[in-house]
Amino acid sequence: MLRILREVGAVHAEGRPDKFKPGACKYDEAALCGLLRDEDQPVFCVREGEKLLATAYLQIRRVDENSVLRRRLTVYVDDFCVSSESRGRHVGTRLMEHVIGYAREIGADNVLLNVYEFNTAALRFYESLGMTTESRHMELVL
């Protein structure tokens, strides 16, 4: 799991070297083990025998109704990782379809994720699944 997370980290470090550190990994082994025990943060994996091909790290986010917002249940895809050797084999599509099915199963209102503008391959992939832009974070790099 850490190997694939490092690959995704490398994509981000290459695309935004001003923001992401090369060689960094979002989790260490202890943090990853803790995450795997949290039922509000399910992790789905695609394997081929013993080989890990892809992972989806989810967060179940609940918003209570208030004066502005309606009550919502969101499946947030915190990390979506497909190993470099598995790209182009529809592994990511199968995994994301599983995530969407899971979201429907638990009665979620939406599936949400963050993708950087430089990552055009990921943008095309998510759009091919019917995802659209919900909102934008904008920045002025100084």
# chains A, B, ... in the order shown; residues from 1 in each chain; ligands from 1
>>> residues_around(residues="Asp18 (chain A)", least_positions_apart="4", cutoff="12 Å", atoms="only C-alpha atoms", output="list in words")
His12, Ala13, Glu14, Pro22, Val141 and Leu142 of chain A
>>> residues_around(residues="Leu112 (chain A)", least_positions_apart="5", cutoff="9 Å", atoms="only C-alpha atoms", output="number ranges by chain")
A: 74-78, 131, 134
>>> write_last_selection(atoms="C-alpha atoms", output="mmCIF file, in the first residue's frame")
data_model
loop_
_atom_site.group_PDB
_atom_site.id
_atom_site.type_symbol
_atom_site.label_atom_id
_atom_site.label_comp_id
_atom_site.auth_asym_id
_atom_site.auth_seq_id
_atom_site.Cartn_x
_atom_site.Cartn_y
_atom_site.Cartn_z
ATOM 1 C CA THR A 74 -20.758 12.058 1.552
ATOM 2 C CA VAL A 75 -18.226 9.419 0.610
ATOM 3 C CA TYR A 76 -15.025 11.407 0.236
ATOM 4 C CA VAL A 77 -12.239 9.730 -1.727
ATOM 5 C CA ASP A 78 -9.217 10.918 0.225
ATOM 6 C CA MET A 131 -18.014 13.250 -12.200
ATOM 7 C CA GLU A 134 -18.538 20.820 -7.542
#
>>> closest_residue(among="A:Lys26, A:Arg61, A:Arg47, A:His137", to="Leu2 (chain A)", atoms="only C-alpha atoms")
A:Lys26
>>> residues_around(residues="Ala24 (chain A)", least_positions_apart="6", cutoff="12 Å", atoms="only C-alpha atoms", output="list in words")
Leu2, Arg3, Ile4, Leu5, Arg6, Glu7, Val8, Gly9, Ala10, Val11, His12, Ala13, Glu14 and Pro17 of chain A
>>> closest_residue(among="A:Arg70, A:Phe80, A:Leu58, A:Asn119", to="Asp38 (chain A)", atoms="only C-alpha atoms")
A:Leu58
>>> select_by_dssp(residues="region 68-139 of chain A", states="strand (DSSP E or B)", output="PDB file with C-alpha atoms, in the first residue's frame")
ATOM      1  CA  ARG A  72     -25.775  15.117   3.774  1.00  0.00           C
ATOM      2  CA  LEU A  73     -23.851  11.894   3.744  1.00  0.00           C
ATOM      3  CA  THR A  74     -20.758  12.058   1.552  1.00  0.00           C
ATOM      4  CA  VAL A  75     -18.226   9.419   0.610  1.00  0.00           C
ATOM      5  CA  TYR A  76     -15.025  11.407   0.236  1.00  0.00           C
ATOM      6  CA  VAL A  77     -12.239   9.730  -1.727  1.00  0.00           C
ATOM      7  CA  ASP A  78      -9.217  10.918   0.225  1.00  0.00           C
ATOM      8  CA  ASP A  79      -6.734   9.025  -1.939  1.00  0.00           C
ATOM      9  CA  PHE A  80      -7.224   7.015  -5.107  1.00  0.00           C
ATOM     10  CA  CYS A  81      -4.118   5.141  -6.207  1.00  0.00           C
ATOM     11  CA  VAL A  82      -3.530   2.925  -9.212  1.00  0.00           C
ATOM     12  CA  ASN A 110     -22.562  11.965  -3.339  1.00  0.00           C
ATOM     13  CA  VAL A 111     -18.998  10.870  -3.925  1.00  0.00           C
ATOM     14  CA  LEU A 112     -16.528  13.708  -3.622  1.00  0.00           C
ATOM     15  CA  LEU A 113     -12.792  13.978  -4.242  1.00  0.00           C
TER      16      LEU A 113
END
>>> atom_distance(atom1="CA of Glu85 (chain A)", atom2="CA of Arg37 (chain A)")
28.2 Å
>>> closest_residue(among="A:Glu127, A:Glu97, A:Glu105, A:Glu117", to="Phe44 (chain A)", atoms="only C-alpha atoms")
A:Glu97
>>> residues_around(residues="His98 (chain A)", least_positions_apart="6", cutoff="10 Å", atoms="only C-alpha atoms", output="PyMOL selection string")
chain A and resi 44-45+56+92+104
>>> write_last_selection(atoms="N, CA and C atoms", output="compact mmCIF listing (two decimals), in the first residue's frame")
# COMPACT_ATOMS: atom_id res chain seq x y z
N PHE A 44 -10.59 0.28 0.08
CA PHE A 44 -10.84 -0.80 -0.86
C PHE A 44 -9.59 -1.01 -1.69
N CYS A 45 -9.33 -2.27 -2.02
CA CYS A 45 -8.13 -2.63 -2.77
C CYS A 45 -8.49 -3.53 -3.95
N ALA A 56 -8.31 2.60 -2.78
CA ALA A 56 -9.17 3.78 -2.60
C ALA A 56 -9.34 3.98 -1.10
N GLY A 92 -8.60 1.04 -12.37
CA GLY A 92 -9.15 2.21 -11.68
C GLY A 92 -10.65 2.35 -11.90
N ARG A 104 -23.70 4.23 -2.85
CA ARG A 104 -25.16 4.03 -3.02
C ARG A 104 -25.70 3.10 -1.94
>>> residues_around(residues="Leu129 (chain A)", least_positions_apart="3", cutoff="12 Å", atoms="only C-alpha atoms", output="PDB file with C-alpha atoms, in the first residue's frame")
ATOM      1  CA  HIS A  90      -9.415  -0.462 -16.382  1.00  0.00           C
ATOM      2  CA  GLY A  92      -9.152   2.210 -11.684  1.00  0.00           C
ATOM      3  CA  THR A  93     -12.538   2.139 -13.400  1.00  0.00           C
ATOM      4  CA  ARG A  94     -13.496  -1.101 -11.642  1.00  0.00           C
ATOM      5  CA  LEU A  95     -12.331   0.277  -8.308  1.00  0.00           C
ATOM      6  CA  MET A  96     -14.173   3.573  -8.696  1.00  0.00           C
ATOM      7  CA  GLU A  97     -17.336   1.730  -9.777  1.00  0.00           C
ATOM      8  CA  HIS A  98     -17.028  -0.274  -6.553  1.00  0.00           C
ATOM      9  CA  VAL A  99     -16.650   2.948  -4.540  1.00  0.00           C
ATOM     10  CA  ILE A 100     -19.751   4.405  -6.221  1.00  0.00           C
ATOM     11  CA  VAL A 111     -18.998  10.870  -3.925  1.00  0.00           C
ATOM     12  CA  ALA A 122      -6.918  11.989 -13.553  1.00  0.00           C
ATOM     13  CA  LEU A 123      -9.331  14.752 -14.562  1.00  0.00           C
ATOM     14  CA  ARG A 124     -10.216  12.901 -17.778  1.00  0.00           C
ATOM     15  CA  PHE A 125     -10.606   9.650 -15.834  1.00  0.00           C
ATOM     16  CA  TYR A 126     -13.008  11.119 -13.265  1.00  0.00           C
ATOM     17  CA  THR A 132     -18.276  17.025 -12.521  1.00  0.00           C
TER      18      THR A 132
END
>>> closest_residue(among="A:Arg136, A:Glu65, A:Glu50, A:Glu29", to="Val115 (chain A)", atoms="only C-alpha atoms")
A:Arg136
>>> atom_distance(atom1="CA of Val63 (chain A)", atom2="CA of Gln41 (chain A)")
15.8 Å
>>> decode(residues="region 18-141 of chain A", atoms="C-alpha atoms", output="compact mmCIF listing (two decimals), in the first residue's frame")
# COMPACT_ATOMS: atom_id res chain seq x y z
CA ASP A 18 6.44 24.08 -4.99
CA LYS A 19 3.94 22.29 -2.77
CA PHE A 20 4.80 18.58 -2.52
CA LYS A 21 8.07 17.05 -1.32
CA PRO A 22 9.74 14.44 -3.56
CA GLY A 23 9.95 10.98 -2.05
CA ALA A 24 7.34 11.77 0.62
CA CYS A 25 4.48 9.47 1.57
CA LYS A 26 1.22 10.63 3.12
CA TYR A 27 1.24 7.86 5.76
CA ASP A 28 3.86 5.86 7.57
CA GLU A 29 3.18 2.23 8.48
CA ALA A 30 1.75 3.02 11.93
CA ALA A 31 -0.62 5.70 10.59
CA LEU A 32 -1.76 3.38 7.82
CA CYS A 33 -2.49 0.60 10.32
CA GLY A 34 -4.55 3.03 12.43
CA LEU A 35 -6.48 4.18 9.39
CA LEU A 36 -7.28 0.58 8.44
CA ARG A 37 -8.95 0.08 11.84
CA ASP A 38 -11.25 3.13 11.48
CA GLU A 39 -14.71 2.07 10.23
CA ASP A 40 -15.46 5.64 9.09
CA GLN A 41 -12.46 5.42 6.74
CA PRO A 42 -12.91 2.29 4.63
CA VAL A 43 -10.17 1.25 2.26
CA PHE A 44 -10.84 -0.80 -0.86
CA CYS A 45 -8.13 -2.63 -2.77
CA VAL A 46 -7.77 -4.37 -6.11
CA ARG A 47 -5.40 -7.32 -6.12
CA GLU A 48 -4.13 -9.72 -8.71
CA GLY A 49 -3.03 -12.68 -6.65
CA GLU A 50 -0.71 -11.22 -4.04
CA LYS A 51 0.04 -8.12 -6.09
CA LEU A 52 -1.71 -4.90 -5.06
CA LEU A 53 -2.91 -2.98 -8.12
CA ALA A 54 -5.00 -0.12 -6.71
CA THR A 55 -6.39 1.36 -3.51
CA ALA A 56 -9.17 3.78 -2.60
CA TYR A 57 -8.99 5.47 0.81
CA LEU A 58 -12.41 6.78 1.79
CA GLN A 59 -13.85 8.99 4.50
CA ILE A 60 -17.50 8.90 5.47
CA ARG A 61 -18.53 12.51 6.08
CA ARG A 62 -21.80 13.44 7.73
CA VAL A 63 -23.20 16.96 7.74
CA ASP A 64 -26.13 17.68 10.05
CA GLU A 65 -28.84 19.95 8.75
CA ASN A 66 -28.50 23.54 9.86
CA SER A 67 -29.85 26.94 8.85
CA VAL A 68 -27.89 26.86 5.58
CA LEU A 69 -27.18 23.24 4.68
CA ARG A 70 -29.30 20.17 4.25
CA ARG A 71 -28.29 16.96 5.98
CA ARG A 72 -25.77 15.12 3.77
CA LEU A 73 -23.85 11.89 3.74
CA THR A 74 -20.76 12.06 1.55
CA VAL A 75 -18.23 9.42 0.61
CA TYR A 76 -15.02 11.41 0.24
CA VAL A 77 -12.24 9.73 -1.73
CA ASP A 78 -9.22 10.92 0.22
CA ASP A 79 -6.73 9.02 -1.94
CA PHE A 80 -7.22 7.01 -5.11
CA CYS A 81 -4.12 5.14 -6.21
CA VAL A 82 -3.53 2.93 -9.21
CA SER A 83 -0.08 1.41 -9.59
CA SER A 84 1.82 2.65 -12.60
CA GLU A 85 1.95 -0.82 -14.17
CA SER A 86 -1.84 -1.21 -13.82
CA ARG A 87 -2.84 2.03 -15.53
CA GLY A 88 -4.72 1.61 -18.80
CA ARG A 89 -6.09 -1.81 -17.75
CA HIS A 90 -9.42 -0.46 -16.38
CA VAL A 91 -8.36 -1.33 -12.83
CA GLY A 92 -9.15 2.21 -11.68
CA THR A 93 -12.54 2.14 -13.40
CA ARG A 94 -13.50 -1.10 -11.64
CA LEU A 95 -12.33 0.28 -8.31
CA MET A 96 -14.17 3.57 -8.70
CA GLU A 97 -17.34 1.73 -9.78
CA HIS A 98 -17.03 -0.27 -6.55
CA VAL A 99 -16.65 2.95 -4.54
CA ILE A 100 -19.75 4.41 -6.22
CA GLY A 101 -21.70 1.20 -5.54
CA TYR A 102 -20.62 1.30 -1.91
CA ALA A 103 -21.72 4.93 -1.64
CA ARG A 104 -25.16 4.03 -3.02
CA GLU A 105 -25.37 1.04 -0.68
CA ILE A 106 -24.85 3.17 2.44
CA GLY A 107 -27.29 5.84 1.22
CA ALA A 108 -24.71 8.52 0.47
CA ASP A 109 -25.79 11.65 -1.37
CA ASN A 110 -22.56 11.96 -3.34
CA VAL A 111 -19.00 10.87 -3.92
CA LEU A 112 -16.53 13.71 -3.62
CA LEU A 113 -12.79 13.98 -4.24
CA ASN A 114 -10.06 16.50 -4.86
CA VAL A 115 -7.96 16.47 -8.02
CA TYR A 116 -5.27 18.94 -9.00
CA GLU A 117 -5.60 20.81 -12.29
CA PHE A 118 -2.14 19.70 -13.46
CA ASN A 119 -3.26 16.06 -13.31
CA THR A 120 -5.07 16.04 -16.64
CA ALA A 121 -5.10 12.23 -16.89
CA ALA A 122 -6.92 11.99 -13.55
CA LEU A 123 -9.33 14.75 -14.56
CA ARG A 124 -10.22 12.90 -17.78
CA PHE A 125 -10.61 9.65 -15.83
CA TYR A 126 -13.01 11.12 -13.26
CA GLU A 127 -14.98 12.94 -15.95
CA SER A 128 -15.31 9.68 -17.90
CA LEU A 129 -17.08 8.27 -14.84
CA GLY A 130 -19.60 11.13 -14.91
CA MET A 131 -18.01 13.25 -12.20
CA THR A 132 -18.28 17.03 -12.52
CA THR A 133 -16.67 19.97 -10.74
CA GLU A 134 -18.54 20.82 -7.54
CA SER A 135 -16.46 23.84 -6.55
CA ARG A 136 -12.95 25.19 -7.02
CA HIS A 137 -10.14 26.13 -4.71
CA MET A 138 -8.25 28.99 -6.30
CA GLU A 139 -4.82 30.26 -5.40
CA LEU A 140 -2.37 32.99 -6.17
CA VAL A 141 1.16 31.59 -5.94
